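Asker: Got a structure for you, questions after.
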Amino acid sequence: MKDFTNKHINANYRKGTQTYVGNLWFYVDGLEYKAKSVNSTINLGKIPYSEISSIKSVNTIGFIPNGIIIQLTNGKKFNYVIGDRKSVIKFIESKIK
């Protein structure tokens, strides 16, 4: 299994009809999405692994296999478009079990 701890990957965060370009950072205790803006970085906050109830793969535009949905214990969902989806899912699953 690939270890993403203290590393980041390119990721797009999808919220409704908006898409934010940025990076998904992985830490020992959680993950954090940082979106890039024209003149700053938008930090959406850290998600502790202990608050993740599930992670599932989804297809972007119905057929491109590069999306994941992370659901928290409070029901909130985060939709990311990433590369190397299988490795990311395995890594996050290892942290939430």
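Note on naming: chains are A, B, ... as they come in the structure tokens, residues start from 1 per chain, ligands start from 1 in the order shown.
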Give me the residues within 10 Å of Ile89 in chain A as an MDAnalysis selection string, counting only C-alpha atoms and dropping any in the same chain fewer than 6 places off.
Answerer: chainID A and resid 54:57 68:70 95
Asker: Using DSSP on the backbone coordinates, identify the residues of chain A assigned to strand (DSSP E); present them as a PyMOL selection string.
Answerer: chain A and resi 7-15+18-26+30-36+41-48+52-60+64-72+77-82
Asker: At a cut-off of 10 Å, using only C-alpha atoms, what residues contact range 23-31 of chain A? Leave out same-chain residues fewer than 5 positions from it and give the result as a list in words.
Answerer: Asp3, Phe4, Thr5, Asn6, Lys7, His8, Ile9, Asn10, Ala11, Asn12, Tyr13, Lys36, Asn43, Gly45, Lys46, Ile47, Pro48, Tyr49, Ser50, Glu51, Ile52, Tyr80, Ile82, Val88, Phe91, Ile92, Lys95 and Ile96 of chain A
Asker: Just give me the gap between CA of Lys97 in chain A and CA of Lys2 in chain A in Å, one decimal is fine.
Answerer: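 CA of Lys2 in chain A lies at a distance of 16.5 Å from CA of Lys97 in chain A.
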Asker: Check chain A with DSSP on the backbone and list each residue it calls alpha helix (DSSP H), as a list in words.
Answerer: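 Those in chain A that DSSP calls alpha helix (DSSP H) are Arg85, Lys86, Ser87, Val88, Ile89, Lys90, Phe91, Ile92, Glu93, Ser94, Lys95 and Ile96 of chain A.
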Asker: If you keep N, CA, C and O atoms, can you produce a file of those selected residues as a PDB file, in the first residue's frame?
Answerer:
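Everything below was put into result35.pdb:
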ATOM      1  N   ARG A  85      -6.867   6.740  -7.814  1.00  0.00           N
ATOM      2  CA  ARG A  85      -7.978   6.588  -6.881  1.00  0.00           C
ATOM      3  C   ARG A  85      -7.875   5.337  -6.008  1.00  0.00           C
ATOM      4  O   ARG A  85      -8.135   5.404  -4.810  1.00  0.00           O
ATOM      5  N   LYS A  86      -7.476   4.218  -6.579  1.00  0.00           N
ATOM      6  CA  LYS A  86      -7.411   2.972  -5.806  1.00  0.00           C
ATOM      7  C   LYS A  86      -6.434   3.081  -4.638  1.00  0.00           C
ATOM      8  O   LYS A  86      -6.732   2.647  -3.530  1.00  0.00           O
ATOM      9  N   SER A  87      -5.259   3.657  -4.886  1.00  0.00           N
ATOM     10  CA  SER A  87      -4.263   3.798  -3.818  1.00  0.00           C
ATOM     11  C   SER A  87      -4.744   4.746  -2.721  1.00  0.00           C
ATOM     12  O   SER A  87      -4.523   4.491  -1.534  1.00  0.00           O
ATOM     13  N   VAL A  88      -5.400   5.820  -3.105  1.00  0.00           N
ATOM     14  CA  VAL A  88      -5.914   6.783  -2.125  1.00  0.00           C
ATOM     15  C   VAL A  88      -6.997   6.140  -1.273  1.00  0.00           C
ATOM     16  O   VAL A  88      -7.005   6.284  -0.045  1.00  0.00           O
ATOM     17  N   ILE A  89      -7.899   5.404  -1.890  1.00  0.00           N
ATOM     18  CA  ILE A  89      -8.967   4.729  -1.141  1.00  0.00           C
ATOM     19  C   ILE A  89      -8.376   3.724  -0.155  1.00  0.00           C
ATOM     20  O   ILE A  89      -8.772   3.681   1.009  1.00  0.00           O
ATOM     21  N   LYS A  90      -7.411   2.924  -0.586  1.00  0.00           N
ATOM     22  CA  LYS A  90      -6.780   1.944   0.307  1.00  0.00           C
ATOM     23  C   LYS A  90      -6.112   2.632   1.482  1.00  0.00           C
ATOM     24  O   LYS A  90      -6.208   2.186   2.623  1.00  0.00           O
ATOM     25  N   PHE A  91      -5.419   3.751   1.222  1.00  0.00           N
ATOM     26  CA  PHE A  91      -4.748   4.473   2.285  1.00  0.00           C
ATOM     27  C   PHE A  91      -5.755   5.016   3.305  1.00  0.00           C
ATOM     28  O   PHE A  91      -5.587   4.826   4.508  1.00  0.00           O
ATOM     29  N   ILE A  92      -6.797   5.670   2.829  1.00  0.00           N
ATOM     30  CA  ILE A  92      -7.798   6.237   3.752  1.00  0.00           C
ATOM     31  C   ILE A  92      -8.519   5.136   4.506  1.00  0.00           C
ATOM     32  O   ILE A  92      -8.740   5.249   5.723  1.00  0.00           O
ATOM     33  N   GLU A  93      -8.864   4.055   3.837  1.00  0.00           N
ATOM     34  CA  GLU A  93      -9.518   2.931   4.519  1.00  0.00           C
ATOM     35  C   GLU A  93      -8.636   2.362   5.636  1.00  0.00           C
ATOM     36  O   GLU A  93      -9.129   1.972   6.688  1.00  0.00           O
ATOM     37  N   SER A  94      -7.327   2.324   5.416  1.00  0.00           N
ATOM     38  CA  SER A  94      -6.426   1.814   6.449  1.00  0.00           C
ATOM     39  C   SER A  94      -6.411   2.734   7.676  1.00  0.00           C
ATOM     40  O   SER A  94      -6.142   2.289   8.793  1.00  0.00           O
ATOM     41  N   LYS A  95      -6.700   4.000   7.475  1.00  0.00           N
ATOM     42  CA  LYS A  95      -6.709   4.971   8.573  1.00  0.00           C
ATOM     43  C   LYS A  95      -8.027   5.006   9.338  1.00  0.00           C
ATOM     44  O   LYS A  95      -8.054   5.398  10.504  1.00  0.00           O
ATOM     45  N   ILE A  96      -9.128   4.595   8.708  1.00  0.00           N
ATOM     46  CA  ILE A  96     -10.429   4.693   9.376  1.00  0.00           C
ATOM     47  C   ILE A  96     -10.874   3.370  10.002  1.00  0.00           C
ATOM     48  O   ILE A  96     -11.903   3.330  10.659  1.00  0.00           O
TER      49      ILE A  96
END
Asker: CA of Gly22 in chain A and CA of Thr73 in chain A are how many Å apart?
Answerer: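 These two atoms are separated by 24.4 Å.
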Asker: Could you state the separation of CA of Gly83 in chain A and CA of Gln71 in chain A in Å, given to one decimal place?
Answerer: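 Distance between the two atoms: 19.1 Å.
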Asker: Here is a test: counting only C-alpha atoms, which residue of A:Ser37, A:Thr17, A:Ser53, A:Asn59 is nearest to Lys76 in chain A?
Answerer: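 Of all the options, A:Ser53 lies closest to Lys76 in chain A.
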Asker: Go through A:Ala35, A:Leu44, A:Leu72, A:Met1 one by one, measure the shortest atom-to-atom distance of each to Thr19 in chain A using only C-alpha atoms, and give the residue with the smallest value.
Answerer: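 Using only C-alpha atoms, the shortest distance to Thr19 in chain A belongs to A:Ala35.
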Asker: In terms of the shortest atom-to-atom distance over only C-alpha atoms, which of A:Tyr20, A:Phe78, A:Ile61, A:Asn66 is closest to Thr41 in chain A?
Answerer: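 Ranking A:Tyr20, A:Phe78, A:Ile61, A:Asn66 by distance to Thr41 in chain A, first place goes to A:Tyr20.
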